[in-house]
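Structure file my_file-v6.tsv (TSV, C-alpha atoms and all ligand atoms) follows.
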chain	number	residue	atom	x	y	z
A	789	MET	CA	11.14	24.00	-7.46
A	790	PRO	CA	12.00	23.26	-3.84
A	791	ILE	CA	9.32	21.53	-1.82
A	792	THR	CA	8.94	21.16	1.92
A	793	PRO	CA	6.62	18.49	3.24
A	794	PRO	CA	3.80	19.90	5.38
A	795	LYS	CA	3.09	18.25	8.72
A	796	SER	CA	-0.66	18.63	8.35
A	797	HIS	CA	-2.95	16.72	6.01
A	798	VAL	CA	-3.28	19.15	3.14
A	799	PRO	CA	-5.09	17.68	0.15
A	800	PHE	CA	-3.09	16.92	-2.95
A	801	MET	CA	-3.25	19.39	-5.86
A	802	SER	CA	-6.01	19.32	-8.44
A	803	ASP	CA	-5.32	17.47	-11.69
A	804	SER	CA	-5.17	20.73	-13.56
A	805	ASP	CA	-2.62	22.24	-11.15
A	806	VAL	CA	-0.48	19.11	-11.46
A	807	VAL	CA	-0.59	19.45	-15.25
A	808	ASP	CA	0.46	23.11	-15.00
A	809	ARG	CA	3.34	22.19	-12.76
A	810	VAL	CA	4.45	19.36	-15.05
A	811	LEU	CA	4.27	21.61	-18.14
A	812	ARG	CA	6.41	24.23	-16.39
A	813	HIS	CA	8.96	21.55	-15.53
A	814	ILE	CA	9.01	20.33	-19.14
A	815	ALA	CA	9.57	23.86	-20.45
A	816	ALA	CA	12.31	24.60	-17.93
A	817	GLY	CA	13.95	21.15	-17.88
A	818	THR	CA	13.39	20.96	-14.11
A	819	THR	CA	11.68	18.70	-11.57
A	820	ASP	CA	10.39	19.01	-8.00
A	821	ARG	CA	13.33	18.98	-5.61
A	822	GLY	CA	13.63	18.36	-1.91
A	823	THR	CA	15.68	20.64	0.30
A	824	GLU	CA	17.56	17.97	2.18
A	825	VAL	CA	20.06	15.19	1.51
A	826	TRP	CA	19.43	12.13	3.70
A	827	GLN	CA	21.83	9.43	4.82
A	828	GLU	CA	20.12	6.18	5.77
A	829	PRO	CA	22.43	3.70	7.57
A	830	VAL	CA	22.66	0.37	5.75
A	831	GLU	CA	22.36	-1.23	9.18
A	832	ASN	CA	18.71	-0.10	9.22
A	833	TYR	CA	17.97	-2.51	6.36
A	834	GLN	CA	19.73	-5.41	8.05
A	835	SER	CA	18.91	-5.25	11.73
A	836	GLU	CA	16.33	-7.65	13.19
A	837	ASP	CA	15.87	-5.26	16.08
A	838	ARG	CA	15.12	-2.38	13.75
A	839	LEU	CA	12.60	-4.51	11.83
A	840	ALA	CA	10.84	-5.40	15.08
A	841	GLN	CA	10.54	-1.69	15.88
A	842	GLU	CA	9.21	-1.00	12.38
A	843	LEU	CA	6.58	-3.70	12.79
A	844	SER	CA	5.50	-1.99	16.03
A	845	VAL	CA	5.01	1.18	13.99
A	846	PHE	CA	2.90	-0.79	11.47
A	847	LYS	CA	0.77	-2.11	14.34
A	848	SER	CA	0.29	1.32	15.86
A	849	LEU	CA	-1.16	2.78	12.65
A	850	PRO	CA	-4.18	1.97	10.52
A	851	THR	CA	-2.58	0.14	7.59
A	852	ALA	CA	-4.45	-0.90	4.45
A	853	PHE	CA	-5.45	-4.57	4.36
A	854	CYS	CA	-7.63	-4.82	1.24
A	855	PRO	CA	-10.08	-2.82	-0.86
A	856	SER	CA	-13.64	-2.69	0.55
A	857	ILE	CA	-14.94	-4.51	-2.49
A	858	ALA	CA	-12.75	-7.51	-1.72
A	859	LEU	CA	-15.41	-8.30	0.93
A	860	PRO	CA	-18.73	-7.52	-0.76
A	861	LYS	CA	-21.06	-9.88	1.16
A	862	ALA	CA	-21.72	-10.87	4.76
A	863	GLY	CA	-19.47	-13.81	5.60
A	864	ASP	CA	-16.78	-12.93	3.05
A	865	TYR	CA	-13.39	-13.20	4.70
A	866	ILE	CA	-9.69	-12.83	3.96
A	867	ALA	CA	-7.03	-14.44	6.15
A	868	ARG	CA	-3.51	-13.11	5.89
A	869	THR	CA	-0.70	-11.87	8.13
A	870	ALA	CA	-0.29	-8.16	8.72
A	871	ALA	CA	2.87	-7.02	10.49
A	872	GLY	CA	3.46	-10.69	11.28
A	873	THR	CA	0.09	-11.27	12.94
A	874	PRO	CA	-2.28	-13.81	11.33
A	875	LEU	CA	-5.62	-12.04	10.93
A	876	ILE	CA	-9.10	-12.78	9.66
A	877	VAL	CA	-10.94	-9.81	8.23
A	878	THR	CA	-14.62	-10.38	7.57
A	879	ARG	CA	-17.90	-8.60	6.91
A	880	GLY	CA	-20.74	-9.26	9.34
A	881	HIS	CA	-24.47	-9.59	8.76
A	882	ASP	CA	-24.71	-5.98	9.95
A	883	ARG	CA	-22.36	-5.03	7.01
A	884	LYS	CA	-19.67	-4.00	9.49
A	885	VAL	CA	-16.12	-5.15	8.80
A	886	ARG	CA	-14.33	-6.75	11.74
A	887	ALA	CA	-10.81	-8.07	12.16
A	888	PHE	CA	-9.76	-10.88	14.48
A	889	LYS	CA	-6.55	-12.63	15.35
A	890	ASN	CA	-6.69	-15.89	13.41
A	891	ALA	CA	-6.23	-18.03	16.49
A	892	CYS	CA	-8.70	-20.39	18.12
A	893	ARG	CA	-9.26	-19.66	21.80
A	894	HIS	CA	-8.94	-23.37	22.67
A	895	ARG	CA	-5.37	-24.14	21.65
A	896	GLY	CA	-4.60	-21.50	19.05
A	897	ALA	CA	-5.18	-23.29	15.74
A	898	GLU	CA	-5.64	-21.10	12.68
A	899	LEU	CA	-9.32	-21.04	11.85
A	900	VAL	CA	-9.21	-20.30	8.14
A	901	ALA	CA	-6.69	-19.69	5.38
A	902	GLY	CA	-6.84	-17.68	2.18
A	903	LYS	CA	-10.23	-16.23	1.34
A	904	GLY	CA	-13.79	-17.42	1.17
A	905	CYS	CA	-17.29	-16.96	2.47
A	906	ALA	CA	-18.48	-18.57	5.70
A	907	GLY	CA	-21.52	-18.53	7.95
A	908	ALA	CA	-19.28	-19.18	10.96
A	909	PHE	CA	-15.62	-19.97	11.60
A	910	VAL	CA	-15.22	-23.57	12.71
A	911	CYS	CA	-11.84	-24.54	14.05
A	912	PRO	CA	-10.37	-27.43	12.01
A	913	TYR	CA	-8.64	-28.90	15.10
A	914	HIS	CA	-11.47	-29.74	17.55
A	915	GLY	CA	-14.42	-27.90	16.09
A	916	TRP	CA	-14.97	-24.88	18.31
A	917	SER	CA	-17.07	-22.42	16.31
A	918	TYR	CA	-17.26	-18.64	16.20
A	919	GLY	CA	-19.75	-16.20	14.68
A	920	LEU	CA	-18.90	-13.51	12.14
A	921	ASP	CA	-18.83	-11.12	15.11
A	922	GLY	CA	-16.19	-13.30	16.80
A	923	ALA	CA	-18.51	-14.70	19.49
A	924	LEU	CA	-17.74	-18.24	20.64
A	925	LEU	CA	-20.83	-20.16	19.54
A	926	GLY	CA	-20.19	-23.82	20.13
A	927	ILE	CA	-17.83	-26.26	21.84
A	928	PRO	CA	-18.15	-29.95	20.97
A	929	HIS	CA	-18.60	-32.02	24.18
A	930	GLN	CA	-18.74	-28.86	26.23
A	931	ASP	CA	-18.94	-30.82	29.50
A	932	GLY	CA	-15.16	-31.23	29.21
A	933	PHE	CA	-14.81	-27.50	29.91
A	934	PRO	CA	-17.06	-27.08	32.95
A	935	ASP	CA	-15.90	-23.60	33.92
A	936	ILE	CA	-15.50	-21.94	30.56
A	937	ASP	CA	-16.89	-18.43	30.20
A	938	LYS	CA	-18.00	-18.41	26.58
A	939	LEU	CA	-18.47	-14.65	26.56
A	940	ALA	CA	-14.84	-14.14	27.50
A	941	ASN	CA	-13.59	-16.57	24.85
A	942	GLY	CA	-14.65	-14.95	21.62
A	943	LEU	CA	-12.04	-14.29	18.95
A	944	VAL	CA	-9.62	-11.52	19.85
A	945	GLU	CA	-10.65	-8.47	17.88
A	946	VAL	CA	-8.40	-5.76	16.45
A	947	THR	CA	-9.59	-2.42	15.10
A	948	ALA	CA	-10.89	-2.39	11.53
A	949	ILE	CA	-11.80	0.87	9.83
A	950	GLU	CA	-13.50	1.00	6.45
A	951	THR	CA	-13.08	4.33	4.70
A	952	LYS	CA	-12.29	5.66	1.22
A	953	GLY	CA	-12.96	2.27	-0.33
A	954	ILE	CA	-10.24	0.60	1.76
A	955	ILE	CA	-10.27	-1.58	4.87
A	956	PHE	CA	-7.59	-0.53	7.33
A	957	ILE	CA	-6.44	-2.51	10.35
A	958	CYS	CA	-4.89	-1.15	13.52
A	959	GLN	CA	-3.48	-3.78	15.87
A	960	ASN	CA	-2.61	-1.53	18.77
A	961	SER	CA	-5.71	-1.32	20.94
A	962	GLU	CA	-4.25	1.60	22.94
A	963	GLN	CA	-4.53	3.96	19.97
A	964	ASP	CA	-7.39	6.38	20.34
A	965	GLU	CA	-9.83	6.72	17.51
A	966	ALA	CA	-9.10	10.40	16.88
A	967	ASN	CA	-5.46	9.53	16.10
A	968	LEU	CA	-6.48	6.79	13.70
A	969	HIS	CA	-8.85	9.07	11.83
A	970	ALA	CA	-6.27	11.85	11.76
A	971	HIS	CA	-3.82	9.45	10.11
A	972	LEU	CA	-6.41	8.45	7.51
A	973	SER	CA	-7.55	11.97	6.70
A	974	GLY	CA	-4.62	12.39	4.33
A	975	VAL	CA	-5.47	9.25	2.33
A	976	PRO	CA	-6.75	10.32	-1.10
A	977	ASP	CA	-10.15	9.20	-2.39
A	978	VAL	CA	-9.14	6.81	-5.14
A	979	LEU	CA	-11.25	3.71	-4.69
A	980	ALA	CA	-15.04	3.73	-5.16
A	981	PRO	CA	-17.73	1.06	-4.78
A	982	ASP	CA	-18.35	0.65	-8.53
A	983	GLN	CA	-14.82	-0.62	-9.18
A	984	MET	CA	-14.14	-4.29	-9.80
A	985	ILE	CA	-11.15	-6.34	-8.67
A	986	PHE	CA	-10.09	-7.91	-11.97
A	987	ALA	CA	-6.87	-9.50	-10.76
A	988	GLU	CA	-4.95	-10.03	-7.56
A	989	ASN	CA	-1.58	-11.52	-6.94
A	990	GLU	CA	1.06	-12.13	-4.37
A	991	ILE	CA	4.80	-12.16	-4.97
A	992	ILE	CA	7.81	-12.55	-2.73
A	993	VAL	CA	10.64	-10.11	-3.30
A	994	GLU	CA	14.02	-11.09	-1.86
A	995	ALA	CA	14.72	-7.69	-0.40
A	996	ASN	CA	14.04	-5.53	2.62
A	997	TRP	CA	10.59	-3.95	2.39
A	998	LYS	CA	12.02	-0.41	2.42
A	999	LEU	CA	14.26	-1.10	-0.58
A	1000	HIS	CA	11.19	-2.20	-2.54
A	1001	LEU	CA	9.11	0.76	-1.38
A	1002	GLU	CA	11.86	3.23	-2.33
A	1003	SER	CA	11.69	2.01	-5.95
A	1004	PHE	CA	8.19	3.49	-6.26
A	1005	LEU	CA	8.97	6.87	-4.75
A	1006	GLU	CA	11.20	8.61	-7.28
A	1007	GLY	CA	11.48	9.12	-11.02
A	1008	TYR	CA	15.22	9.67	-10.97
A	1009	HIS	CA	15.69	6.02	-12.03
A	1010	ILE	CA	13.25	6.01	-14.97
A	1011	LYS	CA	15.81	6.60	-17.72
A	1012	ALA	CA	18.48	4.22	-16.45
A	1013	THR	CA	16.32	1.37	-15.13
A	1014	HIS	CA	13.37	1.55	-17.54
A	1015	LYS	CA	15.24	2.58	-20.70
A	1016	GLU	CA	13.03	0.63	-23.08
A	1017	THR	CA	9.87	0.20	-21.04
A	1018	PHE	CA	8.66	3.39	-19.33
A	1019	PHE	CA	11.24	5.94	-20.46
A	1020	PRO	CA	10.18	6.03	-24.15
A	1021	PHE	CA	6.73	7.25	-22.99
A	1022	GLY	CA	7.84	9.38	-20.05
A	1023	TYR	CA	10.61	11.74	-18.98
A	1024	ASP	CA	14.01	11.57	-17.41
A	1025	ASN	CA	13.81	12.73	-13.77
A	1026	LEU	CA	10.59	14.73	-13.97
A	1027	ASN	CA	8.12	14.38	-11.10
A	1028	VAL	CA	5.67	16.37	-9.08
A	1029	ILE	CA	6.01	15.34	-5.44
A	1030	GLU	CA	3.46	16.20	-2.77
A	1031	PHE	CA	2.87	15.33	0.87
A	1032	SER	CA	-0.21	15.03	2.99
A	1033	GLY	CA	0.95	14.41	6.53
A	1034	PRO	CA	3.09	11.24	6.39
A	1035	HIS	CA	1.60	10.16	3.05
A	1036	ALA	CA	3.09	11.12	-0.31
A	1037	ARG	CA	2.02	11.35	-3.92
A	1038	VAL	CA	4.54	11.14	-6.74
A	1039	THR	CA	3.34	12.07	-10.23
A	1040	PHE	CA	4.98	10.35	-13.21
A	1041	PRO	CA	3.92	12.19	-16.40
A	1042	PHE	CA	3.72	10.61	-19.85
A	1043	GLN	CA	4.94	12.66	-22.82
A	1044	ARG	CA	1.37	12.88	-24.11
A	1045	ILE	CA	0.61	15.25	-21.22
A	1046	GLU	CA	1.97	17.98	-23.53
A	1047	THR	CA	-1.26	17.78	-25.54
A	1048	LEU	CA	-3.01	19.34	-22.52
A	1049	ALA	CA	-1.10	22.63	-22.83
A	1050	ASP	CA	-3.87	24.12	-24.97
A	1051	VAL	CA	-6.77	22.52	-23.11
A	1052	ALA	CA	-8.77	24.65	-20.65
A	1053	PRO	CA	-8.06	23.64	-17.02
A	1054	GLU	CA	-11.64	22.42	-16.47
A	1055	ASP	CA	-11.45	20.16	-19.55
A	1056	ARG	CA	-8.12	18.52	-18.75
A	1057	GLN	CA	-8.47	14.73	-18.54
A	1058	VAL	CA	-5.31	13.39	-16.98
A	1059	SER	CA	-6.17	9.72	-16.88
A	1060	ASP	CA	-3.79	8.43	-19.57
A	1061	LYS	CA	-1.42	11.40	-19.31
A	1062	LEU	CA	0.18	10.59	-15.97
A	1063	THR	CA	0.44	8.05	-13.18
A	1064	TYR	CA	-0.22	9.05	-9.59
A	1065	LEU	CA	1.67	6.95	-7.10
A	1066	ASN	CA	0.23	7.41	-3.61
A	1067	GLN	CA	2.24	6.06	-0.73
A	1068	LEU	CA	0.00	5.42	2.26
A	1069	PHE	CA	2.46	5.58	5.13
A	1070	PRO	CA	4.12	3.32	5.94
A	1071	ASN	CA	3.85	0.24	3.72
A	1072	VAL	CA	1.16	0.65	1.07
A	1073	VAL	CA	1.22	1.87	-2.51
A	1074	LEU	CA	-2.00	3.01	-4.17
A	1075	ALA	CA	-1.40	3.70	-7.85
A	1076	GLU	CA	-3.72	5.50	-10.26
A	1077	LEU	CA	-2.78	4.23	-13.71
A	1078	SER	CA	-4.25	5.02	-17.12
A	1079	HIS	CA	-6.94	2.34	-17.06
A	1080	HIS	CA	-6.75	0.74	-13.65
A	1081	ARG	CA	-5.87	1.19	-9.98
A	1082	THR	CA	-3.65	-0.96	-7.82
A	1083	LEU	CA	-3.45	-1.36	-4.08
A	1084	GLY	CA	-0.13	-2.96	-3.13
A	1085	ILE	CA	0.63	-3.97	0.44
A	1086	LEU	CA	4.22	-4.65	1.51
A	1087	GLU	CA	4.50	-7.19	4.32
A	1088	PRO	CA	7.99	-7.77	5.70
A	1089	LEU	CA	8.68	-11.52	6.11
A	1090	GLY	CA	12.16	-10.87	7.48
A	1091	THR	CA	14.83	-8.22	7.05
A	1092	ASP	CA	15.56	-9.57	3.56
A	1093	ARG	CA	12.18	-10.81	2.26
A	1094	THR	CA	8.94	-9.02	1.49
A	1095	ARG	CA	5.55	-10.27	0.43
A	1096	ILE	CA	3.75	-7.95	-1.97
A	1097	LYS	CA	0.01	-8.49	-2.08
A	1098	THR	CA	-1.54	-6.51	-4.91
A	1099	TYR	CA	-5.17	-5.92	-5.82
A	1100	HIS	CA	-5.84	-4.67	-9.34
A	1101	LEU	CA	-9.06	-2.73	-9.79
A	1102	THR	CA	-10.86	-1.24	-12.73
A	1103	LYS	CA	-11.37	2.49	-12.74
A	1104	SER	CA	-14.50	3.98	-11.31
A	1105	GLU	CA	-15.42	6.41	-14.06
A	1106	THR	CA	-16.01	3.47	-16.36
A	1107	VAL	CA	-16.77	4.14	-19.97
A	1108	GLY	CA	-18.35	1.44	-22.08
A	1109	ASP	CA	-19.52	-2.03	-21.18
A	1110	LYS	CA	-18.04	-4.24	-18.51
A	1111	ASP	CA	-16.06	-6.38	-20.99
A	1112	THR	CA	-14.33	-3.38	-22.54
A	1113	VAL	CA	-13.49	-1.95	-19.13
A	1114	LEU	CA	-11.99	-5.25	-18.04
A	1115	LYS	CA	-10.04	-5.74	-21.27
A	1116	THR	CA	-8.56	-2.22	-21.17
A	1117	ALA	CA	-7.64	-2.65	-17.52
A	1118	ALA	CA	-5.95	-5.99	-18.22
A	1119	ARG	CA	-3.91	-4.50	-21.09
A	1120	ASP	CA	-2.86	-1.64	-18.84
A	1121	LEU	CA	-1.76	-4.10	-16.18
A	1122	GLU	CA	0.30	-6.08	-18.67
A	1123	PHE	CA	2.18	-2.92	-19.65
A	1124	VAL	CA	2.99	-1.94	-16.08
A	1125	ASN	CA	3.57	-5.36	-14.59
A	1126	GLY	CA	5.51	-6.80	-17.49
A	1127	THR	CA	9.10	-5.81	-17.79
A	1128	GLY	CA	8.71	-2.55	-15.87
A	1129	GLN	CA	8.11	-4.26	-12.56
A	1130	THR	CA	10.69	-6.94	-13.27
A	1131	GLU	CA	13.28	-4.22	-13.86
A	1132	ASP	CA	12.57	-2.63	-10.48
A	1133	ILE	CA	12.68	-5.95	-8.66
A	1134	ALA	CA	16.02	-6.79	-10.31
A	1135	MET	CA	17.50	-3.51	-9.00
A	1136	VAL	CA	16.07	-3.94	-5.54
A	1137	SER	CA	17.17	-7.58	-5.18
A	1138	GLY	CA	20.65	-6.56	-6.34
A	1139	ILE	CA	20.83	-3.96	-3.59
A	1140	GLN	CA	19.77	-6.59	-1.07
A	1141	ARG	CA	22.60	-8.90	-2.21
A	1142	SER	CA	25.14	-6.08	-1.87
A	1143	LEU	CA	24.10	-4.99	1.62
A	1144	ASN	CA	26.54	-7.27	3.41
A	1145	SER	CA	29.45	-6.40	1.11
A	1146	GLY	CA	30.52	-3.45	3.25
A	1147	ALA	CA	30.67	-1.21	0.17
A	1148	ASN	CA	28.20	1.18	1.76
A	1149	THR	CA	27.64	2.05	5.37
A	1150	ALA	CA	24.84	4.44	4.42
A	1151	PHE	CA	22.72	5.17	1.35
A	1152	THR	CA	22.38	8.75	0.17
A	1153	PHE	CA	19.05	10.14	-0.98
A	1154	GLY	CA	19.47	13.42	-2.83
A	1155	HIS	CA	17.31	16.34	-3.91
A	1156	PHE	CA	15.40	14.26	-6.45
A	1157	GLU	CA	14.30	11.72	-3.84
A	1158	PRO	CA	12.35	13.83	-1.31
A	1159	ALA	CA	9.48	11.32	-0.98
A	1160	ILE	CA	12.02	8.75	0.24
A	1161	VAL	CA	13.66	11.27	2.57
A	1162	ASN	CA	10.24	12.10	4.01
A	1163	PHE	CA	9.43	8.40	4.43
A	1164	HIS	CA	12.65	7.69	6.34
A	1165	ARG	CA	12.21	10.75	8.51
A	1166	GLU	CA	8.59	9.85	9.35
A	1167	LEU	CA	9.55	6.29	10.15
A	1168	ALA	CA	12.52	7.30	12.31
A	1169	GLU	CA	10.37	9.74	14.28
A	1170	ARG	CA	7.90	7.01	15.16
A	1171	LEU	CA	10.31	4.29	16.25
B	1201	LIG	S1	-7.59	-25.51	18.77
B	1201	LIG	FE1	-9.44	-24.87	17.98
B	1201	LIG	S2	-10.87	-26.28	18.73
B	1201	LIG	FE2	-9.03	-26.92	19.59
B	1202	FE	FE	10.72	1.74	-11.44
Can you dump the structure from the file as structure tokens?
Ligand code: FES
Ligand SMILES: [Fe+2]
Amino acid sequence: MPITPPKSHVPFMSDSDVVDRVLRHIAAGTTDRGTEVWQEPVENYQSEDRLAQELSVFKSLPTAFCPSIALPKAGDYIARTAAGTPLIVTRGHDRKVRAFKNACRHRGAELVAGKGCAGAFVCPYHGWSYGLDGALLGIPHQDGFPDIDKLANGLVEVTAIETKGIIFICQNSEQDEANLHAHLSGVPDVLAPDQMIFAENEIIVEANWKLHLESFLEGYHIKATHKETFFPFGYDNLNVIEFSGPHARVTFPFQRIETLADVAPEDRQVSDKLTYLNQLFPNVVLAELSHHRTLGILEPLGTDRTRIKTYHLTKSETVGDKDTVLKTAARDLEFVNGTGQTEDIAMVSGIQRSLNSGANTAFTFGHFEPAIVNFHRELAERL
């Protein structure tokens, strides 16, 4: 079934329609196919200049920073780099989320690291202090700065948007709000306030961020790469692939989806029958797994290194008591993050090591990899 990505933000299909499409593919031995073959120059994974341009694209868009529930209370904060910029993202007493450059206005020291809860941000270097709204509150021995305009020396704010259970950051202050909201309109509603973060982790992958992202966006590799992990439960090269503006959703069905053939469309529960992999353009993966959700954020640390920050959340439609929900979610995570993830990282790191060999001047993405083709096209258009 050939698919052409729409330019507008059409919503993804209903669960029942996805099931129908998967069942038709199973019967026919087919999969969703793109219409185009794409050649991506290897140089684009190696070039510092290209990475700098890509980071400008990151900054120009609202990119996911964390789930809303990572900052439940006033004063909760998370400090981390996004597109290379050290940021503090915090919730104010007015419940509004704000993002600031993590740089003191005196001499630029980082105010906080990691995560925590604070009443104010006090610089560890000389003690200048800032409110949760970024206002400069206090300067020790202020008579040493006779002309300072405190109002003009608050923390430098960047745009934070909280929607669909996610906090997004946009670092380019020139972007108008309508554009930001248009970009976010295609983001699916996956995260809800009653979900719990039951685990979070950060790993460094020794590979270009795009190589890592590509490993999520097709099911053509399931049989070869995940022979004993995912493949025994899934299918060889069988995906439903959809687009909503620049964002994509790739469906990975489990074999038990076949039990839904005789179930009425309105009664079809897909939760443990498939995985939805949403790519929030450009650098974020939001996965809907059997018993949990993950929000994974890819942060390039160089052309050949990527930090993956992942939040693991329980599902919203929780059945049973909190302990059971947490235990099921943790088991689910073990299955996905165990060997499955290791297998992908091994492939991706191997590609990174081969880049300089000269074996390839371009990589070819074929008809089974349309989500990757769409990603590269979207990225190229924005550079
Ligand atoms: S650098 Fe922050 S108070 Fe001096
Ligand atoms: Fe994989």
Which chain A residues have any atom within 6 Å of an atom of ligand LIG 1201 (chain B), and for each, what is the nearest pair of atoms with distance in Å to one decimal, counting only C-alpha atoms and all ligand atoms, rows sorted by chain and number, as a tab-separated table?
residue	atom	partner	partner_atom	distance
A:Cys892	CA	B:LIG1201	FE1	4.5
A:His894	CA	B:LIG1201	S1	4.6
A:Arg895	CA	B:LIG1201	S1	3.9
A:Gly896	CA	B:LIG1201	S1	5.0
A:Ala897	CA	B:LIG1201	S1	4.5
A:Cys911	CA	B:LIG1201	FE1	4.6
A:Tyr913	CA	B:LIG1201	FE2	4.9
A:His914	CA	B:LIG1201	S2	3.7
A:Gly915	CA	B:LIG1201	S2	4.7
A:Trp916	CA	B:LIG1201	S2	4.4
**Request:** Work out how far atom CA of Asp977 of chain A is from atom CA of Thr851 of chain A, in Å to one decimal.
**Result:**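 Between atom CA of Thr851 of chain A and atom CA of Asp977 of chain A the gap is 15.5 Å.
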**Request:** Fewer than 5 positions away in the same chain doesn't count, so skip those; otherwise give me all residues within 12 Å of Ala1150 of chain A, counting only C-alpha atoms, as a PyMOL selection string.
**Result:** chain A and resi 826-834+1143-1144
**Message:** Counting all atoms listed in the file, which residues have an atom no more than 10 Å from (-0.5, 1.2, -16.4) in the file's coordinates? Please list them as a PyMOL selection string.
**Reply:** chain A and resi 1018+1060+1062-1063+1075-1082+1116-1125+1128
**Item:** atom CA of Glu1030 of chain A to atom CA of Trp997 of chain A, straight-line distance in Å
**Value:**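 So the answer is 22.0 Å.
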**Item:** 9 Å shell around ligand FE 1202 (chain B) using all atoms listed in the file, listed as a PyMOL selection string
**Value:** chain A and resi 1003-1007+1009-1010+1013-1014+1018+1128-1133+1135
**Asked** Which of these, A:Asn1066, A:Asn996, A:Lys1115, A:Ala852, has the shortest distance to Ser835 of chain A once you count all atoms listed in the file?
**Response** A:Asn996
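A straight line drawn from atom CA of Lys903 of chain A to atom CA of Tyr865 of chain A is 5.5 Å long.
Summary of the local environment: counting only C-alpha atoms, residues at most 7 Å from segment 1019-1027 of chain A, other than itself and those fewer than 6 positions away along its chain, are Thr818, Thr819, Asp820, Gly1007, Tyr1008, Ile1010, Lys1011, Val1038, Thr1039, Phe1040, Pro1041, Phe1042 and Gln1043 of chain A.
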Would you put the residues from that selection into a file with C-alpha atoms, as a compact mmCIF listing (two decimals), in the coordinates of the input?
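Below is the file that was written, out.txt:
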# COMPACT_ATOMS: atom_id res chain seq x y z
CA THR A 818 13.39 20.96 -14.11
CA THR A 819 11.68 18.70 -11.57
CA ASP A 820 10.39 19.01 -8.00
CA GLY A 1007 11.48 9.12 -11.02
CA TYR A 1008 15.22 9.67 -10.97
CA ILE A 1010 13.25 6.01 -14.97
CA LYS A 1011 15.81 6.60 -17.72
CA VAL A 1038 4.54 11.14 -6.74
CA THR A 1039 3.34 12.07 -10.23
CA PHE A 1040 4.98 10.35 -13.21
CA PRO A 1041 3.92 12.19 -16.40
CA PHE A 1042 3.72 10.61 -19.85
CA GLN A 1043 4.94 12.66 -22.82
Contacts of Phe1163 of chain A at 8 Å (only C-alpha atoms; same-chain gap of 2+ positions) as an mmCIF file with C-alpha atoms, keeping the file's coordinate frame:
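Ended up saving to selection.cif:
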data_model
loop_
_atom_site.group_PDB
_atom_site.id
_atom_site.type_symbol
_atom_site.label_atom_id
_atom_site.label_comp_id
_atom_site.auth_asym_id
_atom_site.auth_seq_id
_atom_site.Cartn_x
_atom_site.Cartn_y
_atom_site.Cartn_z
ATOM 1 C CA PRO A 1034 3.090 11.240 6.390
ATOM 2 C CA PHE A 1069 2.460 5.580 5.130
ATOM 3 C CA PRO A 1070 4.120 3.320 5.940
ATOM 4 C CA ALA A 1159 9.480 11.320 -0.980
ATOM 5 C CA ILE A 1160 12.020 8.750 0.240
ATOM 6 C CA VAL A 1161 13.660 11.270 2.570
ATOM 7 C CA ARG A 1165 12.210 10.750 8.510
ATOM 8 C CA GLU A 1166 8.590 9.850 9.350
ATOM 9 C CA LEU A 1167 9.550 6.290 10.150
#
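Each of A:Ala840, A:Val825, A:Ala1012, A:Val978 was compared to Asn1162 of chain A using all atoms listed in the file, and A:Val825 turns out to be the nearest.
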**Message:** With 7 Å as the threshold, what does the neighbourhood of (-17.5, -19.2, 12.9) contain in terms of residues, counting all atoms listed in the file? Coordinates are those of the file; answer as a VMD selection string.
**Reply:** chain A and resid 907 to 910 917 to 920
Restricting the output to C-alpha atoms, write the selected residues as an mmCIF file, keeping the file's coordinate frame.
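Resulting contents of result_33.cif:
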data_model
loop_
_atom_site.group_PDB
_atom_site.id
_atom_site.type_symbol
_atom_site.label_atom_id
_atom_site.label_comp_id
_atom_site.auth_asym_id
_atom_site.auth_seq_id
_atom_site.Cartn_x
_atom_site.Cartn_y
_atom_site.Cartn_z
ATOM 1 C CA GLY A 907 -21.520 -18.530 7.950
ATOM 2 C CA ALA A 908 -19.280 -19.180 10.960
ATOM 3 C CA PHE A 909 -15.620 -19.970 11.600
ATOM 4 C CA VAL A 910 -15.220 -23.570 12.710
ATOM 5 C CA SER A 917 -17.070 -22.420 16.310
ATOM 6 C CA TYR A 918 -17.260 -18.640 16.200
ATOM 7 C CA GLY A 919 -19.750 -16.200 14.680
ATOM 8 C CA LEU A 920 -18.900 -13.510 12.140
#
**Prompt:** Which residue out of A:Ile991, A:Leu1086, A:Thr1017, A:Thr1098 has the minimum interatomic distance to Gly1126 of chain A when all atoms listed in the file are used?
**Reply:** A:Thr1017
**Prompt:** Nearest to Thr1091 of chain A: which of A:Glu1157, A:Ser802, A:Phe846, A:Lys998 is it, counting all atoms listed in the file?
**Reply:**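 Comparing A:Glu1157, A:Ser802, A:Phe846, A:Lys998 against Thr1091 of chain A, the winner is A:Lys998.
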Per-residue nearest contacts segment 1042-1153 of chain A to segment 949-965 of chain A, cut-off 12 Å, using all atoms listed in the file, as a tab-separated table:
residue	atom	partner	partner_atom	distance
A:Leu1068	CA	A:Phe956	CA	10.9
A:Phe1069	CA	A:Phe956	CA	12.0
A:Val1072	CA	A:Phe956	CA	10.8
A:Leu1074	CA	A:Ile954	CA	10.4
A:Thr1082	CA	A:Ile954	CA	11.7
A:Leu1083	CA	A:Ile954	CA	9.2
A:Gly1084	CA	A:Ile954	CA	11.8
A:Ile1085	CA	A:Phe956	CA	11.3
A:Tyr1099	CA	A:Ile954	CA	11.2
A:Leu1101	CA	A:Gly953	CA	11.4
A:Ser1104	CA	A:Gly953	CA	11.2
**Item:** Polymer residues at most 12 Å from Thr878 of chain A, only C-alpha atoms, same-chain spacing of 2 or more positions, as a PyMOL selection string
**Value:** chain A and resi 853-854+856-868+875-876+880-890+900+902-909+919-922+945-946+948-950+955+957
